[in-house]
Amino acid sequence: MTALRRLLIAIAAAITVVAVWADTPRRPARRTSPVENRSTVTQAINETANDTSRINAMIRARSTHYHRKDGYTVYIDTVTGDEWVDSTQFTSVPKMKYPLVMAATVGVNIWDPMMRLFGQKHGLIGFSADVNLHNRYFPAFEAGVGTARNTPSGGNFTYRSPMSVYFKIGADYNFLYNSNPDYQWFVGLRYGFAPFSWAVDDITLDSGYWDETSHFAIPSQNATAGWAEFHIGLRVKLFGNLSAGWFIKFHSLLHESKNVHGEPWYIPGFGTRGQSITGSFSLSYTLPLNKRKSEPVVETEADQPASAEL
């Protein structure tokens with residue numbers, strides 16, 4: 001009986017201790033602070049070394065600024081001296097300096113007439129027209145007439161091609177599109193096409209064996225030809241609406257009709273066979289189509305501050 005009593009007393013005491021421990025508030029666990037070393041000190045800096053927004057904020061904080069006439073704020077880095085426009089200020093894409101349809105220009109190519117004065121045996125005259133779009137793009141059309149008559153020095157034949165028309169269509173690009181339109185620097189492409197005829201007269205063949213001379217001719221032959229043309233050049237205002245233009249042209253045949261008598265020596269608008277480089281000199285008149293004043297160009301720059309050492 002005594003042993004049972006002692007057991008019950010021990011169980012009651014254990015229950016009491018557990019209950020008291022459960023109701024006692026616990027202190028937070030003690031945290032051990034890490035040891036600081038070079039790695040832990042620079043860790044935050046390394047993690048944000050490439051944070052562009054943070055770098056920009058730091059540079060902007062050490063910068064001064066001024067306001068341009070167009071309303072934009074220009075920042076100046078007081079350390080490096082770099083300047084930039086805050087790209088967050090841009091609410092719309094800046095407009096082109098010149099209106100869409102500015103002018104139309106017509107011209108006459110007097111290169112061939114000039115060269116004929118110096119003995120050239122082919123060519124005649126050409127005309128051109130183009131439309132100025134933003135002073136940057138120039139859709140263009142050309143047409144002209146050409147003829148040839150040539151008896152080579154010491155030759156035994158005469159090549160002739162009666163007056164025939166040619167056509168070209170293409171476009172030019174002006175590298176000086178945001179500059180004064182009185183000065184234009186072009187590169188351009190053209191596709192040319194010409195239907196024409198040609199003949200060879202007075203062909204003379206001597207036979208030394210038979211001691212005889214024979215004469216014959218190739219009658220008029222109809223032909224067509226197409227070619228690609230690339231050119232570079234300048235157009236400069238002379239006075240008023242009159243301008244002068246100089247071009248260097250590189251061209252190559254794309255296709256031509258076949259003929260049992262051979263290939264024509266001259267193609268109107270293209271020139272002589274085997275001649276891949278030629279030139280032109282033109283006088284032109286420009287008719288303004290839009291008298292609205294040009295709008296100022298906003299010269300924008302991306303927000304590209306110099307790199308900072310953190």
# chains A, B, ... in the order shown; residues from 1 in each chain; ligands from 1
>>> residues_around(residues="A:Phe186", least_positions_apart="2", cutoff="12 Å", atoms="only C-alpha atoms", output="VMD selection string")
chain A and resid 135 to 139 171 to 177 181 183 to 184 188 to 189 230 to 236 245 to 249
>>> write_last_selection(atoms="C-alpha atoms", output="mmCIF file, in the first residue's frame")
data_model
loop_
_atom_site.group_PDB
_atom_site.id
_atom_site.type_symbol
_atom_site.label_atom_id
_atom_site.label_comp_id
_atom_site.auth_asym_id
_atom_site.auth_seq_id
_atom_site.Cartn_x
_atom_site.Cartn_y
_atom_site.Cartn_z
ATOM 1 C CA ASN A 135 14.269 65.330 -98.471
ATOM 2 C CA ARG A 136 15.349 61.704 -98.032
ATOM 3 C CA TYR A 137 13.653 59.464 -100.603
ATOM 4 C CA PHE A 138 13.354 60.337 -104.295
ATOM 5 C CA PRO A 139 11.243 58.037 -106.510
ATOM 6 C CA ALA A 171 14.699 55.702 -106.577
ATOM 7 C CA ASP A 172 17.458 57.717 -104.930
ATOM 8 C CA TYR A 173 18.458 58.106 -101.275
ATOM 9 C CA ASN A 174 19.832 61.410 -99.976
ATOM 10 C CA PHE A 175 22.405 61.051 -97.200
ATOM 11 C CA LEU A 176 22.054 64.771 -96.377
ATOM 12 C CA TYR A 177 18.329 64.461 -95.647
ATOM 13 C CA PRO A 181 18.045 70.749 -99.342
ATOM 14 C CA TYR A 183 22.825 70.290 -101.358
ATOM 15 C CA GLN A 184 21.989 66.615 -101.861
ATOM 16 C CA GLY A 188 20.351 55.340 -106.423
ATOM 17 C CA LEU A 189 19.154 52.290 -108.278
ATOM 18 C CA PHE A 230 23.640 51.926 -109.623
ATOM 19 C CA HIS A 231 24.823 55.499 -109.307
ATOM 20 C CA ILE A 232 26.272 57.973 -106.835
ATOM 21 C CA GLY A 233 26.306 61.727 -107.244
ATOM 22 C CA LEU A 234 25.594 65.258 -106.098
ATOM 23 C CA ARG A 235 22.940 67.847 -106.830
ATOM 24 C CA VAL A 236 23.786 71.470 -106.013
ATOM 25 C CA GLY A 245 23.879 67.357 -110.845
ATOM 26 C CA TRP A 246 26.869 65.079 -111.428
ATOM 27 C CA PHE A 247 26.593 61.287 -111.332
ATOM 28 C CA ILE A 248 28.871 58.289 -111.828
ATOM 29 C CA LYS A 249 26.968 55.225 -113.052
#
>>> atom_distance(atom1="atom CA of A:Tyr72", atom2="atom CA of A:Ser179")
22.0 Å
>>> closest_residue(among="A:Phe216, A:Tyr266, A:Phe239, A:Asn180", to="A:Trp198", atoms="only C-alpha atoms")
A:Tyr266
>>> residues_around(residues="A:Trp111", least_positions_apart="2", cutoff="7 Å", atoms="only C-alpha atoms", output="number ranges by chain")
A: 109, 113-115, 280-281
>>> write_last_selection(atoms="all heavy atoms", output="compact mmCIF listing (two decimals), in the first residue's frame")
# COMPACT_ATOMS: atom_id res chain seq x y z
N ASN A 109 19.48 65.59 -119.03
CA ASN A 109 20.85 65.08 -119.00
C ASN A 109 21.56 65.51 -120.28
O ASN A 109 21.23 65.05 -121.37
CB ASN A 109 20.83 63.56 -118.88
CG ASN A 109 22.23 62.96 -118.82
OD1 ASN A 109 23.22 63.68 -118.75
ND2 ASN A 109 22.31 61.64 -118.86
N PRO A 113 25.01 64.93 -125.28
CA PRO A 113 25.25 66.01 -126.25
C PRO A 113 26.65 66.63 -126.10
O PRO A 113 27.30 66.96 -127.10
CB PRO A 113 24.15 67.03 -125.92
CG PRO A 113 23.06 66.21 -125.32
CD PRO A 113 23.75 65.12 -124.56
N MET A 114 27.11 66.78 -124.87
CA MET A 114 28.45 67.32 -124.65
C MET A 114 29.52 66.36 -125.18
O MET A 114 30.48 66.79 -125.84
CB MET A 114 28.68 67.58 -123.16
CG MET A 114 27.85 68.70 -122.58
SD MET A 114 28.03 68.84 -120.79
CE MET A 114 29.80 69.08 -120.65
N MET A 115 29.35 65.07 -124.93
CA MET A 115 30.34 64.10 -125.38
C MET A 115 30.37 63.99 -126.90
O MET A 115 31.42 63.74 -127.49
CB MET A 115 30.04 62.73 -124.76
CG MET A 115 30.26 62.65 -123.25
SD MET A 115 31.98 62.98 -122.77
CE MET A 115 31.88 64.71 -122.24
N SER A 280 27.10 61.20 -115.99
CA SER A 280 26.03 62.07 -116.48
C SER A 280 26.18 63.44 -115.84
O SER A 280 26.72 63.58 -114.74
CB SER A 280 24.64 61.49 -116.18
OG SER A 280 24.38 61.54 -114.80
N PHE A 281 25.73 64.44 -116.55
CA PHE A 281 25.68 65.81 -116.05
C PHE A 281 24.32 66.37 -116.44
O PHE A 281 23.94 66.32 -117.61
CB PHE A 281 26.80 66.66 -116.64
CG PHE A 281 26.70 68.11 -116.26
CD1 PHE A 281 26.97 68.52 -114.97
CD2 PHE A 281 26.31 69.06 -117.19
CE1 PHE A 281 26.87 69.85 -114.61
CE2 PHE A 281 26.21 70.40 -116.85
CZ PHE A 281 26.49 70.80 -115.55
>>> residues_around(residues="A:Val131", least_positions_apart="4", cutoff="8 Å", atoms="only C-alpha atoms", output="PyMOL selection string")
chain A and resi 101-105+138-140
>>> write_last_selection(atoms="all heavy atoms", output="short mmCIF file (atom, residue, chain, number, x, y, z; two decimals), in the first residue's frame")
data_model
loop_
_atom_site.label_atom_id
_atom_site.label_comp_id
_atom_site.auth_asym_id
_atom_site.auth_seq_id
_atom_site.Cartn_x
_atom_site.Cartn_y
_atom_site.Cartn_z
N VAL A 101 5.87 65.45 -98.67
CA VAL A 101 6.03 65.81 -100.09
C VAL A 101 6.58 67.23 -100.14
O VAL A 101 5.86 68.19 -99.85
CB VAL A 101 4.71 65.70 -100.85
CG1 VAL A 101 4.92 66.06 -102.31
CG2 VAL A 101 4.14 64.30 -100.73
N MET A 102 7.85 67.34 -100.48
CA MET A 102 8.49 68.65 -100.48
C MET A 102 8.45 69.33 -101.84
O MET A 102 8.07 70.49 -101.97
CB MET A 102 9.95 68.53 -100.05
CG MET A 102 10.18 68.42 -98.56
SD MET A 102 11.95 68.57 -98.20
CE MET A 102 12.30 70.19 -98.87
N ALA A 103 8.88 68.58 -102.89
CA ALA A 103 9.05 69.22 -104.19
C ALA A 103 9.09 68.16 -105.28
O ALA A 103 9.24 66.96 -105.01
CB ALA A 103 10.33 70.04 -104.20
N ALA A 104 8.96 68.62 -106.50
CA ALA A 104 9.14 67.79 -107.69
C ALA A 104 10.22 68.45 -108.55
O ALA A 104 10.28 69.68 -108.65
CB ALA A 104 7.85 67.65 -108.46
N THR A 105 11.06 67.62 -109.14
CA THR A 105 12.18 68.13 -109.92
C THR A 105 12.18 67.49 -111.30
O THR A 105 12.00 66.27 -111.42
CB THR A 105 13.52 67.85 -109.22
OG1 THR A 105 13.53 68.50 -107.94
CG2 THR A 105 14.69 68.36 -110.04
N PHE A 138 13.66 59.68 -103.03
CA PHE A 138 13.35 60.34 -104.29
C PHE A 138 12.95 59.29 -105.34
O PHE A 138 13.80 58.80 -106.09
CB PHE A 138 14.57 61.12 -104.80
CG PHE A 138 14.93 62.32 -103.97
CD1 PHE A 138 15.54 62.17 -102.74
CD2 PHE A 138 14.66 63.60 -104.42
CE1 PHE A 138 15.88 63.27 -101.96
CE2 PHE A 138 14.99 64.72 -103.66
CZ PHE A 138 15.60 64.54 -102.42
N PRO A 139 11.69 58.88 -105.39
CA PRO A 139 11.24 58.04 -106.51
C PRO A 139 11.49 58.77 -107.82
O PRO A 139 11.21 59.97 -107.94
CB PRO A 139 9.75 57.84 -106.23
CG PRO A 139 9.57 58.16 -104.78
CD PRO A 139 10.60 59.19 -104.45
N ALA A 140 12.00 58.05 -108.81
CA ALA A 140 12.44 58.74 -110.03
C ALA A 140 12.04 57.96 -111.27
O ALA A 140 11.91 56.74 -111.25
CB ALA A 140 13.96 58.95 -110.00
#
>>> closest_residue(among="A:Thr286, A:Asp201, A:Gly269, A:Ile277", to="A:Leu238", atoms="only C-alpha atoms")
A:Thr286
>>> closest_residue(among="A:Arg6, A:His255, A:His215, A:Lys237", to="A:Asp182", atoms="only C-alpha atoms")
A:Lys237
>>> closest_residue(among="A:Ala228, A:Ile218, A:Ala148, A:Val260", to="A:Gly119", atoms="only C-alpha atoms")
A:Ala148
